[in-house]
>>> print(open('start-v1.txt').read())   # compact mmCIF, N, CA and C atoms
# COMPACT_ATOMS: atom_id res chain seq x y z
N VAL A 5 -0.20 -3.00 -21.33
CA VAL A 5 0.68 -3.34 -20.23
C VAL A 5 1.36 -4.66 -20.55
N GLY A 6 2.50 -4.87 -19.93
CA GLY A 6 3.22 -6.10 -20.20
C GLY A 6 4.40 -6.26 -19.26
N TYR A 7 5.31 -7.11 -19.71
CA TYR A 7 6.50 -7.44 -18.94
C TYR A 7 7.72 -7.25 -19.85
N CYS A 8 8.83 -6.77 -19.28
CA CYS A 8 10.02 -6.53 -20.09
C CYS A 8 11.27 -6.68 -19.24
N GLY A 9 12.37 -6.96 -19.91
CA GLY A 9 13.67 -6.96 -19.26
C GLY A 9 14.08 -8.26 -18.61
N GLY A 10 13.27 -9.28 -18.74
CA GLY A 10 13.57 -10.53 -18.06
C GLY A 10 14.27 -11.56 -18.93
N ASP A 11 14.27 -12.78 -18.43
CA ASP A 11 15.00 -13.86 -19.08
C ASP A 11 14.09 -14.95 -19.64
N ASP A 12 12.80 -14.90 -19.36
CA ASP A 12 11.86 -15.94 -19.78
C ASP A 12 11.02 -15.42 -20.95
N PRO A 13 11.19 -15.98 -22.16
CA PRO A 13 10.43 -15.49 -23.32
C PRO A 13 8.95 -15.83 -23.27
N ASN A 14 8.53 -16.63 -22.34
CA ASN A 14 7.12 -17.03 -22.20
C ASN A 14 6.65 -16.85 -20.77
N THR A 15 6.87 -15.68 -20.22
CA THR A 15 6.55 -15.48 -18.82
C THR A 15 5.05 -15.28 -18.61
N THR A 16 4.67 -15.35 -17.36
CA THR A 16 3.28 -15.12 -16.95
C THR A 16 3.31 -14.19 -15.74
N TYR A 17 2.17 -13.68 -15.37
CA TYR A 17 2.06 -12.82 -14.20
C TYR A 17 2.57 -13.54 -12.96
N GLU A 18 2.20 -14.78 -12.81
CA GLU A 18 2.62 -15.56 -11.63
C GLU A 18 4.14 -15.70 -11.59
N LYS A 19 4.75 -15.98 -12.73
CA LYS A 19 6.22 -16.11 -12.78
C LYS A 19 6.88 -14.77 -12.46
N VAL A 20 6.35 -13.69 -13.05
CA VAL A 20 6.93 -12.37 -12.80
C VAL A 20 6.85 -12.03 -11.32
N CYS A 21 5.70 -12.30 -10.70
CA CYS A 21 5.52 -12.01 -9.26
C CYS A 21 6.46 -12.83 -8.39
N SER A 22 6.86 -14.00 -8.86
CA SER A 22 7.77 -14.83 -8.07
C SER A 22 9.18 -14.25 -8.02
N GLY A 23 9.48 -13.34 -8.94
CA GLY A 23 10.82 -12.77 -8.99
C GLY A 23 11.82 -13.62 -9.73
N SER A 24 11.38 -14.74 -10.29
CA SER A 24 12.31 -15.67 -10.93
C SER A 24 12.64 -15.33 -12.38
N THR A 25 11.93 -14.39 -12.99
CA THR A 25 12.14 -14.11 -14.41
C THR A 25 12.95 -12.85 -14.69
N ASN A 26 13.11 -11.99 -13.70
CA ASN A 26 13.80 -10.71 -13.81
C ASN A 26 13.03 -9.69 -14.66
N HIS A 27 11.77 -9.97 -14.97
CA HIS A 27 10.96 -9.01 -15.71
C HIS A 27 10.47 -7.88 -14.79
N ALA A 28 10.20 -6.74 -15.42
CA ALA A 28 9.52 -5.63 -14.75
C ALA A 28 8.13 -5.53 -15.34
N GLU A 29 7.16 -5.18 -14.51
CA GLU A 29 5.83 -4.86 -15.03
C GLU A 29 5.96 -3.49 -15.68
N THR A 30 5.43 -3.36 -16.89
CA THR A 30 5.68 -2.15 -17.65
C THR A 30 4.52 -1.83 -18.58
N ILE A 31 4.62 -0.69 -19.22
CA ILE A 31 3.71 -0.37 -20.31
C ILE A 31 4.58 -0.09 -21.53
N LYS A 32 4.07 -0.41 -22.69
CA LYS A 32 4.75 -0.10 -23.94
C LYS A 32 4.00 1.07 -24.56
N VAL A 33 4.73 2.13 -24.86
CA VAL A 33 4.12 3.35 -25.39
C VAL A 33 4.49 3.51 -26.86
N ASP A 34 3.49 3.45 -27.72
CA ASP A 34 3.67 3.79 -29.12
C ASP A 34 3.30 5.25 -29.26
N PHE A 35 4.14 6.02 -29.91
CA PHE A 35 3.88 7.46 -30.00
C PHE A 35 4.36 8.00 -31.34
N ASP A 36 3.82 9.15 -31.70
CA ASP A 36 4.16 9.85 -32.94
C ASP A 36 5.03 11.05 -32.56
N GLU A 37 6.29 11.05 -32.99
CA GLU A 37 7.22 12.14 -32.66
C GLU A 37 6.71 13.50 -33.14
N ASN A 38 5.78 13.51 -34.09
CA ASN A 38 5.20 14.77 -34.55
C ASN A 38 4.20 15.31 -33.54
N GLU A 39 3.74 14.46 -32.64
CA GLU A 39 2.76 14.85 -31.63
C GLU A 39 3.39 15.07 -30.25
N VAL A 40 4.29 14.19 -29.88
CA VAL A 40 4.95 14.27 -28.58
C VAL A 40 6.35 13.67 -28.73
N SER A 41 7.33 14.31 -28.13
CA SER A 41 8.70 13.80 -28.26
C SER A 41 8.99 12.73 -27.21
N TYR A 42 10.00 11.93 -27.51
CA TYR A 42 10.46 10.93 -26.55
C TYR A 42 10.91 11.63 -25.25
N GLU A 43 11.57 12.76 -25.40
CA GLU A 43 12.02 13.50 -24.23
C GLU A 43 10.85 13.91 -23.34
N GLU A 44 9.77 14.37 -23.94
CA GLU A 44 8.58 14.74 -23.15
C GLU A 44 8.02 13.52 -22.41
N LEU A 45 8.01 12.38 -23.07
CA LEU A 45 7.50 11.16 -22.43
C LEU A 45 8.37 10.74 -21.25
N VAL A 46 9.68 10.82 -21.41
CA VAL A 46 10.59 10.45 -20.32
C VAL A 46 10.43 11.41 -19.14
N ARG A 47 10.30 12.69 -19.42
CA ARG A 47 10.08 13.66 -18.34
C ARG A 47 8.77 13.35 -17.60
N PHE A 48 7.74 13.03 -18.36
CA PHE A 48 6.45 12.67 -17.76
C PHE A 48 6.60 11.44 -16.86
N PHE A 49 7.32 10.44 -17.34
CA PHE A 49 7.57 9.23 -16.55
C PHE A 49 8.17 9.57 -15.19
N PHE A 50 9.17 10.43 -15.18
CA PHE A 50 9.81 10.78 -13.91
C PHE A 50 8.89 11.59 -12.99
N LYS A 51 7.92 12.27 -13.56
CA LYS A 51 7.00 13.08 -12.76
C LYS A 51 5.84 12.29 -12.17
N ILE A 52 5.48 11.15 -12.77
CA ILE A 52 4.28 10.43 -12.32
C ILE A 52 4.55 9.28 -11.37
N HIS A 53 5.79 9.07 -11.02
CA HIS A 53 6.09 8.01 -10.04
C HIS A 53 7.28 8.46 -9.20
N ASP A 54 7.60 7.69 -8.19
CA ASP A 54 8.72 8.01 -7.31
C ASP A 54 9.95 7.25 -7.79
N PRO A 55 10.87 7.93 -8.49
CA PRO A 55 12.05 7.24 -9.02
C PRO A 55 13.12 6.93 -7.97
N THR A 56 12.83 7.25 -6.71
CA THR A 56 13.80 6.99 -5.64
C THR A 56 13.48 5.71 -4.86
N GLN A 57 12.37 5.08 -5.17
CA GLN A 57 12.00 3.85 -4.45
C GLN A 57 12.61 2.64 -5.15
N LEU A 58 13.36 1.86 -4.43
CA LEU A 58 13.99 0.67 -4.99
C LEU A 58 13.04 -0.52 -4.90
N ASN A 59 12.73 -1.08 -6.05
CA ASN A 59 11.89 -2.29 -6.13
C ASN A 59 10.54 -2.13 -5.46
N ARG A 60 9.92 -0.96 -5.67
CA ARG A 60 8.57 -0.75 -5.17
C ARG A 60 8.00 0.51 -5.79
N GLN A 61 6.70 0.55 -5.82
CA GLN A 61 5.95 1.76 -6.17
C GLN A 61 4.73 1.76 -5.27
N GLY A 62 4.66 2.73 -4.38
CA GLY A 62 3.56 2.79 -3.44
C GLY A 62 3.52 1.52 -2.61
N PRO A 63 2.35 0.87 -2.52
CA PRO A 63 2.23 -0.33 -1.70
C PRO A 63 2.75 -1.60 -2.38
N ASP A 64 3.09 -1.50 -3.68
CA ASP A 64 3.55 -2.68 -4.44
C ASP A 64 5.05 -2.85 -4.28
N ILE A 65 5.44 -4.03 -3.78
CA ILE A 65 6.85 -4.30 -3.48
C ILE A 65 7.31 -5.53 -4.24
N GLY A 66 8.51 -5.47 -4.80
CA GLY A 66 9.12 -6.58 -5.51
C GLY A 66 9.93 -6.05 -6.68
N THR A 67 10.85 -6.86 -7.17
CA THR A 67 11.71 -6.42 -8.26
C THR A 67 10.92 -6.08 -9.52
N GLN A 68 9.74 -6.66 -9.68
CA GLN A 68 8.93 -6.37 -10.86
C GLN A 68 8.37 -4.95 -10.83
N TYR A 69 8.45 -4.27 -9.68
CA TYR A 69 7.96 -2.90 -9.54
C TYR A 69 9.08 -1.87 -9.58
N ARG A 70 10.26 -2.29 -10.00
CA ARG A 70 11.38 -1.36 -10.08
C ARG A 70 11.10 -0.25 -11.09
N SER A 71 11.75 0.87 -10.90
CA SER A 71 11.66 1.99 -11.83
C SER A 71 12.66 1.73 -12.95
N GLU A 72 12.14 1.59 -14.19
CA GLU A 72 13.04 1.26 -15.29
C GLU A 72 12.49 1.82 -16.59
N ILE A 73 13.38 2.32 -17.40
CA ILE A 73 13.07 2.78 -18.75
C ILE A 73 13.74 1.82 -19.72
N PHE A 74 12.97 1.28 -20.64
CA PHE A 74 13.50 0.40 -21.67
C PHE A 74 13.57 1.19 -22.97
N TYR A 75 14.76 1.31 -23.53
CA TYR A 75 14.94 2.09 -24.75
C TYR A 75 15.08 1.17 -25.96
N LYS A 76 14.82 1.73 -27.15
CA LYS A 76 14.89 0.98 -28.39
C LYS A 76 16.19 1.23 -29.16
N ASP A 77 16.79 2.42 -28.98
CA ASP A 77 18.01 2.74 -29.75
C ASP A 77 18.90 3.66 -28.92
N GLU A 78 20.08 3.94 -29.45
CA GLU A 78 21.06 4.74 -28.72
C GLU A 78 20.58 6.17 -28.46
N ASN A 79 19.80 6.73 -29.37
CA ASN A 79 19.27 8.08 -29.17
C ASN A 79 18.33 8.10 -27.97
N GLN A 80 17.43 7.13 -27.88
CA GLN A 80 16.54 7.05 -26.72
C GLN A 80 17.34 6.85 -25.44
N LYS A 81 18.35 6.03 -25.50
CA LYS A 81 19.19 5.79 -24.32
C LYS A 81 19.84 7.10 -23.86
N ARG A 82 20.40 7.86 -24.80
CA ARG A 82 21.07 9.11 -24.47
C ARG A 82 20.10 10.10 -23.82
N ILE A 83 18.90 10.21 -24.39
CA ILE A 83 17.90 11.13 -23.85
C ILE A 83 17.48 10.70 -22.44
N ALA A 84 17.22 9.41 -22.27
CA ALA A 84 16.80 8.90 -20.95
C ALA A 84 17.88 9.14 -19.90
N GLU A 85 19.13 8.91 -20.25
CA GLU A 85 20.23 9.13 -19.31
C GLU A 85 20.37 10.60 -18.94
N LYS A 86 20.19 11.48 -19.92
CA LYS A 86 20.29 12.92 -19.66
C LYS A 86 19.19 13.36 -18.68
N ILE A 87 17.98 12.92 -18.92
CA ILE A 87 16.86 13.33 -18.07
C ILE A 87 16.97 12.68 -16.69
N LYS A 88 17.42 11.45 -16.64
CA LYS A 88 17.63 10.81 -15.34
C LYS A 88 18.63 11.61 -14.52
N GLU A 89 19.69 12.07 -15.14
CA GLU A 89 20.69 12.86 -14.42
C GLU A 89 20.09 14.17 -13.89
N GLU A 90 19.25 14.81 -14.69
CA GLU A 90 18.57 16.03 -14.24
C GLU A 90 17.73 15.76 -12.99
N PHE A 91 16.96 14.68 -13.04
CA PHE A 91 16.11 14.34 -11.89
C PHE A 91 16.94 13.86 -10.71
N ASN A 92 18.05 13.20 -10.99
CA ASN A 92 18.92 12.74 -9.91
C ASN A 92 19.48 13.94 -9.13
N LYS A 93 19.80 15.01 -9.83
CA LYS A 93 20.25 16.23 -9.14
C LYS A 93 19.11 16.80 -8.29
N LYS A 94 17.92 16.81 -8.85
CA LYS A 94 16.75 17.33 -8.12
C LYS A 94 16.48 16.51 -6.85
N PHE A 95 16.70 15.18 -6.93
CA PHE A 95 16.44 14.29 -5.79
C PHE A 95 17.72 13.98 -5.01
N ASN A 96 18.72 14.83 -5.12
CA ASN A 96 19.95 14.70 -4.34
C ASN A 96 20.63 13.35 -4.48
N GLY A 97 20.68 12.83 -5.70
CA GLY A 97 21.40 11.58 -5.97
C GLY A 97 20.68 10.32 -5.57
N LYS A 98 19.38 10.40 -5.33
CA LYS A 98 18.64 9.24 -4.83
C LYS A 98 17.85 8.48 -5.90
N VAL A 99 17.93 8.89 -7.17
CA VAL A 99 17.17 8.21 -8.23
C VAL A 99 17.76 6.82 -8.47
N VAL A 100 16.91 5.81 -8.48
CA VAL A 100 17.35 4.43 -8.67
C VAL A 100 16.84 3.84 -10.00
N THR A 101 16.28 4.67 -10.84
CA THR A 101 15.72 4.21 -12.11
C THR A 101 16.80 3.57 -12.97
N ASN A 102 16.51 2.37 -13.48
CA ASN A 102 17.39 1.69 -14.42
C ASN A 102 17.07 2.17 -15.83
N ILE A 103 18.07 2.18 -16.68
CA ILE A 103 17.88 2.47 -18.10
C ILE A 103 18.50 1.30 -18.85
N SER A 104 17.65 0.54 -19.54
CA SER A 104 18.08 -0.71 -20.16
C SER A 104 17.53 -0.85 -21.56
N GLU A 105 18.24 -1.59 -22.38
CA GLU A 105 17.74 -1.88 -23.71
C GLU A 105 16.51 -2.79 -23.60
N GLU A 106 15.51 -2.52 -24.42
CA GLU A 106 14.31 -3.36 -24.40
C GLU A 106 14.70 -4.81 -24.66
N LYS A 107 14.18 -5.69 -23.82
CA LYS A 107 14.52 -7.11 -23.91
C LYS A 107 13.29 -7.94 -23.56
N LEU A 108 12.89 -8.79 -24.46
CA LEU A 108 11.81 -9.75 -24.26
C LEU A 108 10.50 -9.12 -23.78
N TYR A 109 10.13 -7.99 -24.37
CA TYR A 109 8.81 -7.43 -24.02
C TYR A 109 7.73 -8.40 -24.48
N GLN A 110 6.75 -8.58 -23.63
CA GLN A 110 5.56 -9.35 -24.03
C GLN A 110 4.34 -8.79 -23.31
N PRO A 111 3.22 -8.74 -24.00
CA PRO A 111 2.01 -8.22 -23.37
C PRO A 111 1.59 -9.08 -22.18
N ALA A 112 1.02 -8.42 -21.20
CA ALA A 112 0.46 -9.14 -20.05
C ALA A 112 -0.83 -9.82 -20.47
N GLU A 113 -1.30 -10.68 -19.61
CA GLU A 113 -2.55 -11.39 -19.87
C GLU A 113 -3.70 -10.40 -20.05
N GLU A 114 -4.72 -10.82 -20.74
CA GLU A 114 -5.85 -9.96 -21.09
C GLU A 114 -6.48 -9.31 -19.85
N TYR A 115 -6.57 -10.05 -18.75
CA TYR A 115 -7.23 -9.49 -17.56
C TYR A 115 -6.44 -8.35 -16.92
N HIS A 116 -5.20 -8.11 -17.37
CA HIS A 116 -4.42 -6.97 -16.88
C HIS A 116 -4.60 -5.73 -17.77
N GLN A 117 -5.08 -5.92 -18.98
CA GLN A 117 -5.21 -4.80 -19.90
C GLN A 117 -6.36 -3.89 -19.47
N TYR A 118 -6.13 -2.59 -19.51
CA TYR A 118 -7.14 -1.58 -19.16
C TYR A 118 -7.71 -1.82 -17.76
N TYR A 119 -6.86 -2.23 -16.84
CA TYR A 119 -7.28 -2.59 -15.49
C TYR A 119 -8.04 -1.46 -14.80
N LEU A 120 -7.47 -0.26 -14.79
CA LEU A 120 -8.12 0.86 -14.09
C LEU A 120 -9.44 1.22 -14.73
N LYS A 121 -9.52 1.15 -16.03
CA LYS A 121 -10.77 1.44 -16.73
C LYS A 121 -11.84 0.38 -16.39
N ARG A 122 -11.42 -0.87 -16.39
CA ARG A 122 -12.37 -1.94 -16.08
C ARG A 122 -12.88 -1.88 -14.63
N LYS A 123 -12.02 -1.35 -13.74
CA LYS A 123 -12.40 -1.22 -12.32
C LYS A 123 -13.18 0.06 -12.05
N GLY A 124 -13.38 0.87 -13.10
CA GLY A 124 -14.13 2.10 -12.94
C GLY A 124 -13.34 3.23 -12.29
N ILE A 125 -12.02 3.10 -12.25
CA ILE A 125 -11.18 4.11 -11.64
C ILE A 125 -10.90 5.24 -12.63
N LEU A 126 -10.84 4.92 -13.89
CA LEU A 126 -10.61 5.93 -14.94
C LEU A 126 -11.83 6.05 -15.82
>>> encode(input="start-v1.txt", output="structure tokens")
Amino acid sequence: VGYCGGDDPNTTYEKVCSGSTNHAETIKVDFDENEVSYEELVRFFFKIHDPTQLNRQGPDIGTQYRSEIFYKDENQKRIAEKIKEEFNKKFNGKVVTNISEEKLYQPAEEYHQYYLKRKGIL
């Protein structure tokens, strides 16, 4: 887990929560295209959260909880935009997911890593 898309190259959880850095809380997914495609991952992303909620997910509210896909190259951008449009039709034009070039990704503090596993939820 980490932070991405903001303006502070040395951000912290506290700064991100303040809304002053423009970062989103995110996960970075390393994957093998021979095992799973980028398209499959993007489709999964749209299925596991509510892409129509602006700056929130469930009870978590703030710009850091926005729905956003960070892409690495033009091919990923094209795929993400195509799938977003498919889901936008399904949700009657209400999808608010941003699609942005990866910018200033940095891992979150150690106490955020494997949070659900450490809490016994997974």
>>> atom_distance(input="start-v1.txt", atom1="CA of Gln61 (chain A)", atom2="CA of Phe49 (chain A)")
12.9 Å
>>> atom_distance(input="start-v1.txt", atom1="CA of Ile73 (chain A)", atom2="CA of Glu29 (chain A)")
11.2 Å
>>> closest_atom_pairs(input="start-v1.txt", of="region 50-69 of chain A", to="region 9-25 of chain A", cutoff="8 Å", atoms="all atoms listed in the file", output="Markdown table")
| residue | atom | partner | partner_atom | distance |
| --- | --- | --- | --- | --- |
| A:Gly66 | C | A:Gly23 | CA | 7.2 |
| A:Thr67 | N | A:Gly23 | CA | 6.2 |
| A:Gln68 | CA | A:Val20 | C | 6.0 |
>>> closest_residue(input="start-v1.txt", among="A:Gln110, A:Ser71, A:Asn102, A:Gln57", to="Gly6 (chain A)", atoms="all atoms listed in the file")
A:Gln110
>>> atom_distance(input="start-v1.txt", atom1="CA of Glu72 (chain A)", atom2="CA of His116 (chain A)")
19.4 Å
>>> closest_residue(input="start-v1.txt", among="A:Glu85, A:Glu105, A:Glu39, A:Glu114", to="Cys8 (chain A)", atoms="only C-alpha atoms")
A:Glu105
>>> closest_residue(input="start-v1.txt", among="A:Val46, A:Ile65, A:Leu58, A:Leu120", to="Glu89 (chain A)", atoms="only C-alpha atoms")
A:Val46
>>> select_by_dssp(input="start-v1.txt", residues="chain A", states="strand (DSSP E or B)", output="list in words")
Gly6, Tyr7, Cys8, Ala28, Glu29, Thr30, Arg60, Gln61, Asp64, Ile65, Glu72, Ile73, Phe74, Tyr75, Asn102, Ile103, Ser104, Glu105, Gln110 and Pro111 of chain A
>>> select_by_dssp(input="start-v1.txt", residues="chain A", states="alpha helix (DSSP H)", output="NGL selection string")
:A and (17-22 or 42-52 or 78-94 or 119-122)
>>> closest_residue(input="start-v1.txt", among="A:Lys32, A:Lys94, A:Lys51, A:Lys121", to="Tyr75 (chain A)", atoms="only C-alpha atoms")
A:Lys32
>>> residues_around(input="start-v1.txt", residues="Lys88 (chain A)", least_positions_apart="2", cutoff="8 Å", atoms="all atoms listed in the file", output="list in words")
Val46, Arg47, Phe50, Arg82, Ile83, Ala84, Glu85, Lys86, Glu90, Phe91, Asn92, Lys93, Lys94, Val99 and Thr101 of chain A
>>> residues_near_point(input="start-v1.txt", point="(15.4, 7.7, -4.8)", cutoff="6 Å", atoms="only N, CA and C atoms", output="PyMOL selection string")
chain A and resi 55-57+97-100
>>> residues_near_point(input="start-v1.txt", point="(19.3, -2.1, -30.3)", cutoff="8 Å", atoms="only C-alpha atoms", output="NGL selection string")
:A and (76-78 or 105-106)
